[in-house]
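Down below is the structure, laid out as structure tokens.
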Amino acid sequence: MKKGIKVLIIIASVIVVLTVGMLVAAAVNPRVKFLTAVTRFATETLQDPNFIIYDLDFMGICRDYMDGDIEFEGDVIAGDIQEFGYTSSAKVHGVRSFAMKELGAEAAAKVLFIDVGEVDFYAKDKTLYMMIPSFDNLAYSLTTNTDLFMKAPMLNDNLSLKWFKDNIGNFIEFANDIDIRKSGEVLEDENGTISDEFLITIPQGKGEFIWQFLGMDVPDYDINLSMYITRGCQMRRVKVDLGNVVENTVLTVDGTSMGLCILETTLPDNEKTTLLLNRRGDYRYASCIDILGFYNTKDNEVYKLNGVLVYDEAEVGYDVKLKRMKLFKDDELIGQMYFDGNVHTTKITVPPTSTAPIPLDSVKNYEWEELRDNFQGVKDDVMEDVKEKL
């Protein structure tokens, strides 16, 4: 009995010594700290319901939905629309082809309980179109500064503990290849947890297993990123400059649960857009993400969009709800919208814009800058067109 207790004490002592040794090594050697943080991410964060892509087939979403052909349908309700004053609704059905870079949708619209006819929506390349066939083909288009069909990563796997286990050797080699140094910047959370910033450079041609995972060619340039790691070797914040892939864009994944995703893009004229997606792991019946978006204009006006995305796997595709989507200009409510529907994969052989009642190039077009700089003038122009149709 005494011999067994001694063995347990020895084993416990060895575990304590090894643990302390690893913590000391991590404190002294940033490469060890990086590897320990990766290990904690693989064994802990991936299992956290607050992780931004927890329990999600992200590879399938990217390949089949973001880079594939989809069909969507559902009910839309819009209210509190500035200078309109009526609640409107519509049954929407549409398709989108990534390969063709086109979208087409129909909406059977109602104002209050009165049918007002069909409204058609289209998108092609960087331009959005709206047409009302029953109103003598009243139509407008808006050319944006945004790629409406941006390609998603062609992932070859999902983030999983198995993937990390299969690549233990690659991570050890990767830790020796990267340049990693402590910047001196620290981040202190409300609970007193302190994280140190490490500046990491992935040299050109290194980390091939990561690029293979992402479905990308090995970059012919260095990759720079910032990583905050707690004193207990847990990832706290990862910030990556995506400028070589998406111009003037920075991606940040934040929180010890890695549950907050922030996408920031700097636009011409010193404007900026920011999109925040925050996973809510406490939502019981489906996956839930809080959405918050900002558009800062050159005139120091701020447009804000907030709401909730709820999605769940259905018999076909995903059931999707957009709840309490509200748009503000500064602190003034412009309107709000609710969507309840389904999105699923399909096969599109006919261009979605081919059903347009009039040729797209004949539609009156506005540039985004024109709408931004002279919104009242554009609105007056539309009202004149409506009067003519009447």
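Order determines the names: the first chain of the structure tokens is A, the second B, and so forth; residues in each chain are numbered 1 upward, and ligands are numbered 1 upward as they are shown.
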- Message: Give me the residues near Val38 (chain A) as a list in words, where near means some atom within 10 Å (using only C-alpha atoms) and where sequence neighbours in that chain fewer than 6 positions away do not count.
- Response: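 Near neighbours after the sequence-gap exclusion: Val32, Glu44, Thr45, Phe164, Phe171, Cys233, Gln234 and Met235 of chain A.
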Asn50 (chain A) surroundings by only C-alpha atoms, 9 Å radius, close-in-sequence under 4 positions cut, as a PDB file with N, CA and C atoms, in the first residue's frame:
ATOM      1  N   THR A  45     -10.192  25.176 -27.610  1.00  0.00           N
ATOM      2  CA  THR A  45     -11.010  26.170 -28.320  1.00  0.00           C
ATOM      3  C   THR A  45     -11.927  25.539 -29.349  1.00  0.00           C
ATOM      4  N   TYR A  54     -17.724  26.843 -34.689  1.00  0.00           N
ATOM      5  CA  TYR A  54     -17.936  25.610 -33.920  1.00  0.00           C
ATOM      6  C   TYR A  54     -18.985  24.719 -34.596  1.00  0.00           C
ATOM      7  N   SER A 257     -12.082  32.399 -26.647  1.00  0.00           N
ATOM      8  CA  SER A 257     -12.873  31.369 -27.323  1.00  0.00           C
ATOM      9  C   SER A 257     -12.821  31.544 -28.838  1.00  0.00           C
ATOM     10  N   MET A 258     -12.092  32.576 -29.316  1.00  0.00           N
ATOM     11  CA  MET A 258     -11.996  32.870 -30.745  1.00  0.00           C
ATOM     12  C   MET A 258     -13.391  32.970 -31.364  1.00  0.00           C
ATOM     13  N   GLY A 259     -14.291  33.671 -30.669  1.00  0.00           N
ATOM     14  CA  GLY A 259     -15.683  33.733 -31.085  1.00  0.00           C
ATOM     15  C   GLY A 259     -16.083  34.987 -31.822  1.00  0.00           C
ATOM     16  N   LEU A 260     -15.191  35.986 -31.885  1.00  0.00           N
ATOM     17  CA  LEU A 260     -15.512  37.250 -32.539  1.00  0.00           C
ATOM     18  C   LEU A 260     -14.630  37.413 -33.764  1.00  0.00           C
ATOM     19  N   ASN A 278     -20.198  37.789 -34.124  1.00  0.00           N
ATOM     20  CA  ASN A 278     -19.920  37.292 -32.777  1.00  0.00           C
ATOM     21  C   ASN A 278     -20.775  36.053 -32.492  1.00  0.00           C
ATOM     22  N   ARG A 279     -20.131  34.900 -32.316  1.00  0.00           N
ATOM     23  CA  ARG A 279     -20.841  33.641 -32.092  1.00  0.00           C
ATOM     24  C   ARG A 279     -21.423  33.617 -30.681  1.00  0.00           C
ATOM     25  N   ARG A 280     -22.690  33.189 -30.582  1.00  0.00           N
ATOM     26  CA  ARG A 280     -23.359  33.057 -29.281  1.00  0.00           C
ATOM     27  C   ARG A 280     -23.569  31.585 -28.981  1.00  0.00           C
ATOM     28  N   GLY A 281     -22.681  31.021 -28.168  1.00  0.00           N
ATOM     29  CA  GLY A 281     -22.736  29.609 -27.863  1.00  0.00           C
ATOM     30  C   GLY A 281     -23.844  29.221 -26.913  1.00  0.00           C
ATOM     31  N   ASP A 282     -24.527  30.215 -26.310  1.00  0.00           N
ATOM     32  CA  ASP A 282     -25.588  29.912 -25.344  1.00  0.00           C
ATOM     33  C   ASP A 282     -26.944  29.718 -26.018  1.00  0.00           C
TER      34      ASP A 282
END
- Task: Based on DSSP run over this structure's backbone, return all residues of region 61-292 of chain A in strand (DSSP E), as a PyMOL selection string.
- Result: chain A and resi 69-79+88-97+102-111+114-124+127-132+138-143+179-188+194-202+223-230+235-241+249-254+260-267+271-279+287-292
Contact check, region 106-211 of chain A to region 241-254 of chain A, at most 12 Å, counting only C-alpha atoms, closest pairs as CSV:
residue,atom,partner,partner_atom,distance
A:Asn145,CA,A:Glu247,CA,11.7
A:Thr146,CA,A:Val246,CA,10.6
A:Asp147,CA,A:Val246,CA,10.0
A:Met150,CA,A:Val246,CA,9.2
A:Lys151,CA,A:Val245,CA,10.2
A:Ala152,CA,A:Val245,CA,10.8
A:Pro153,CA,A:Val245,CA,10.6
A:Leu187,CA,A:Asp254,CA,11.6
A:Asp189,CA,A:Asp254,CA,11.9
A:Ser195,CA,A:Asp254,CA,11.9
A:Ile200,CA,A:Asp241,CA,11.7
A:Thr201,CA,A:Asp241,CA,11.4
How close does each residue of region 52-135 of chain A get to region 310-329 of chain A, giving the shortest atom pair and distance in Å to one decimal for every residue with an atom at most 10 Å away, counting only C-alpha atoms, sorted by chain and residue number, as a tab-separated table?
residue	atom	partner	partner_atom	distance
A:Leu56	CA	A:Glu313	CA	9.8
A:Tyr65	CA	A:Gly317	CA	9.6
A:Ile70	CA	A:Gly317	CA	9.5
A:Glu71	CA	A:Gly317	CA	9.5
A:Phe72	CA	A:Gly317	CA	9.6
A:Glu73	CA	A:Val320	CA	9.9
A:Gly74	CA	A:Val320	CA	8.9
A:Asp75	CA	A:Lys321	CA	9.7
A:Val76	CA	A:Leu322	CA	9.3
A:Ala78	CA	A:Met325	CA	9.4
A:Gly79	CA	A:Lys326	CA	9.5
A:Asp80	CA	A:Lys326	CA	9.3
A:Ile81	CA	A:Leu327	CA	9.5
Writer output for current selection, N, CA, C and O atoms, as an mmCIF file, in the first residue's frame:
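selection.cif was written with the following content:
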data_model
loop_
_atom_site.group_PDB
_atom_site.id
_atom_site.type_symbol
_atom_site.label_atom_id
_atom_site.label_comp_id
_atom_site.auth_asym_id
_atom_site.auth_seq_id
_atom_site.Cartn_x
_atom_site.Cartn_y
_atom_site.Cartn_z
ATOM 1 N N LEU A 56 -19.353 23.455 -37.430
ATOM 2 C CA LEU A 56 -19.827 23.890 -38.743
ATOM 3 C C LEU A 56 -18.940 23.280 -39.825
ATOM 4 O O LEU A 56 -17.715 23.287 -39.716
ATOM 5 N N TYR A 65 -21.583 26.557 -51.106
ATOM 6 C CA TYR A 65 -22.488 27.703 -50.992
ATOM 7 C C TYR A 65 -21.829 29.011 -51.453
ATOM 8 O O TYR A 65 -22.369 29.699 -52.328
ATOM 9 N N ILE A 70 -26.525 28.291 -55.640
ATOM 10 C CA ILE A 70 -27.478 28.157 -54.539
ATOM 11 C C ILE A 70 -28.861 28.652 -54.965
ATOM 12 O O ILE A 70 -29.001 29.453 -55.893
ATOM 13 N N GLU A 71 -29.857 28.171 -54.239
ATOM 14 C CA GLU A 71 -31.238 28.619 -54.395
ATOM 15 C C GLU A 71 -31.740 29.038 -53.024
ATOM 16 O O GLU A 71 -31.423 28.385 -52.022
ATOM 17 N N PHE A 72 -32.480 30.139 -52.969
ATOM 18 C CA PHE A 72 -32.979 30.622 -51.687
ATOM 19 C C PHE A 72 -34.433 31.037 -51.826
ATOM 20 O O PHE A 72 -34.888 31.461 -52.896
ATOM 21 N N GLU A 73 -35.160 30.905 -50.729
ATOM 22 C CA GLU A 73 -36.569 31.307 -50.708
ATOM 23 C C GLU A 73 -36.956 31.620 -49.271
ATOM 24 O O GLU A 73 -36.348 31.109 -48.316
ATOM 25 N N GLY A 74 -37.969 32.462 -49.117
ATOM 26 C CA GLY A 74 -38.411 32.796 -47.775
ATOM 27 C C GLY A 74 -39.281 34.032 -47.754
ATOM 28 O O GLY A 74 -39.652 34.591 -48.799
ATOM 29 N N ASP A 75 -39.600 34.457 -46.548
ATOM 30 C CA ASP A 75 -40.450 35.629 -46.333
ATOM 31 C C ASP A 75 -39.628 36.778 -45.776
ATOM 32 O O ASP A 75 -38.823 36.603 -44.847
ATOM 33 N N VAL A 76 -39.857 37.958 -46.338
ATOM 34 C CA VAL A 76 -39.186 39.179 -45.890
ATOM 35 C C VAL A 76 -40.234 40.153 -45.378
ATOM 36 O O VAL A 76 -41.280 40.345 -46.004
ATOM 37 N N ALA A 78 -40.352 44.197 -43.918
ATOM 38 C CA ALA A 78 -39.600 45.437 -43.720
ATOM 39 C C ALA A 78 -40.507 46.475 -43.064
ATOM 40 O O ALA A 78 -41.690 46.577 -43.403
ATOM 41 N N GLY A 79 -39.955 47.219 -42.135
ATOM 42 C CA GLY A 79 -40.741 48.231 -41.438
ATOM 43 C C GLY A 79 -39.902 49.409 -40.998
ATOM 44 O O GLY A 79 -38.672 49.401 -41.127
ATOM 45 N N ASP A 80 -40.569 50.435 -40.460
ATOM 46 C CA ASP A 80 -39.900 51.654 -39.982
ATOM 47 C C ASP A 80 -39.015 52.266 -41.063
ATOM 48 O O ASP A 80 -37.956 52.830 -40.764
ATOM 49 N N ILE A 81 -39.454 52.144 -42.333
ATOM 50 C CA ILE A 81 -38.661 52.686 -43.427
ATOM 51 C C ILE A 81 -38.825 54.199 -43.453
ATOM 52 O O ILE A 81 -39.944 54.716 -43.493
#
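Near Arg236 (chain A), within 7 Å and counting only C-alpha atoms, sit Ser195, Tyr228, Ile229, Thr230, Asp254, Gly255 and Thr256 of chain A; same-chain residues fewer than 3 positions away were not included.
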Based on the selection just made, write N, CA, C and O atoms of those residues as a PDB file, in the first residue's frame.
ATOM      1  N   SER A 195      -2.395  39.414 -21.856  1.00  0.00           N
ATOM      2  CA  SER A 195      -1.900  38.753 -23.064  1.00  0.00           C
ATOM      3  C   SER A 195      -0.776  39.587 -23.664  1.00  0.00           C
ATOM      4  O   SER A 195      -0.855  40.817 -23.690  1.00  0.00           O
ATOM      5  N   TYR A 228      -1.868  37.666 -30.039  1.00  0.00           N
ATOM      6  CA  TYR A 228      -1.813  37.889 -28.592  1.00  0.00           C
ATOM      7  C   TYR A 228      -2.010  36.546 -27.899  1.00  0.00           C
ATOM      8  O   TYR A 228      -2.949  35.807 -28.204  1.00  0.00           O
ATOM      9  N   ILE A 229      -1.118  36.222 -26.964  1.00  0.00           N
ATOM     10  CA  ILE A 229      -1.168  34.951 -26.234  1.00  0.00           C
ATOM     11  C   ILE A 229      -1.158  35.250 -24.741  1.00  0.00           C
ATOM     12  O   ILE A 229      -0.350  36.059 -24.265  1.00  0.00           O
ATOM     13  N   THR A 230      -2.067  34.627 -24.010  1.00  0.00           N
ATOM     14  CA  THR A 230      -2.129  34.862 -22.557  1.00  0.00           C
ATOM     15  C   THR A 230      -0.892  34.274 -21.880  1.00  0.00           C
ATOM     16  O   THR A 230      -0.173  33.455 -22.455  1.00  0.00           O
ATOM     17  N   ASP A 254     -10.979  37.275 -32.383  1.00  0.00           N
ATOM     18  CA  ASP A 254     -10.735  37.816 -31.050  1.00  0.00           C
ATOM     19  C   ASP A 254     -11.384  36.963 -29.968  1.00  0.00           C
ATOM     20  O   ASP A 254     -12.377  36.265 -30.200  1.00  0.00           O
ATOM     21  N   GLY A 255     -10.811  37.038 -28.758  1.00  0.00           N
ATOM     22  CA  GLY A 255     -11.369  36.362 -27.590  1.00  0.00           C
ATOM     23  C   GLY A 255     -10.687  35.033 -27.327  1.00  0.00           C
ATOM     24  O   GLY A 255     -10.224  34.364 -28.246  1.00  0.00           O
ATOM     25  N   THR A 256     -10.627  34.619 -26.070  1.00  0.00           N
ATOM     26  CA  THR A 256     -10.010  33.334 -25.753  1.00  0.00           C
ATOM     27  C   THR A 256     -10.807  32.168 -26.332  1.00  0.00           C
ATOM     28  O   THR A 256     -10.274  31.072 -26.518  1.00  0.00           O
TER      29      THR A 256
END
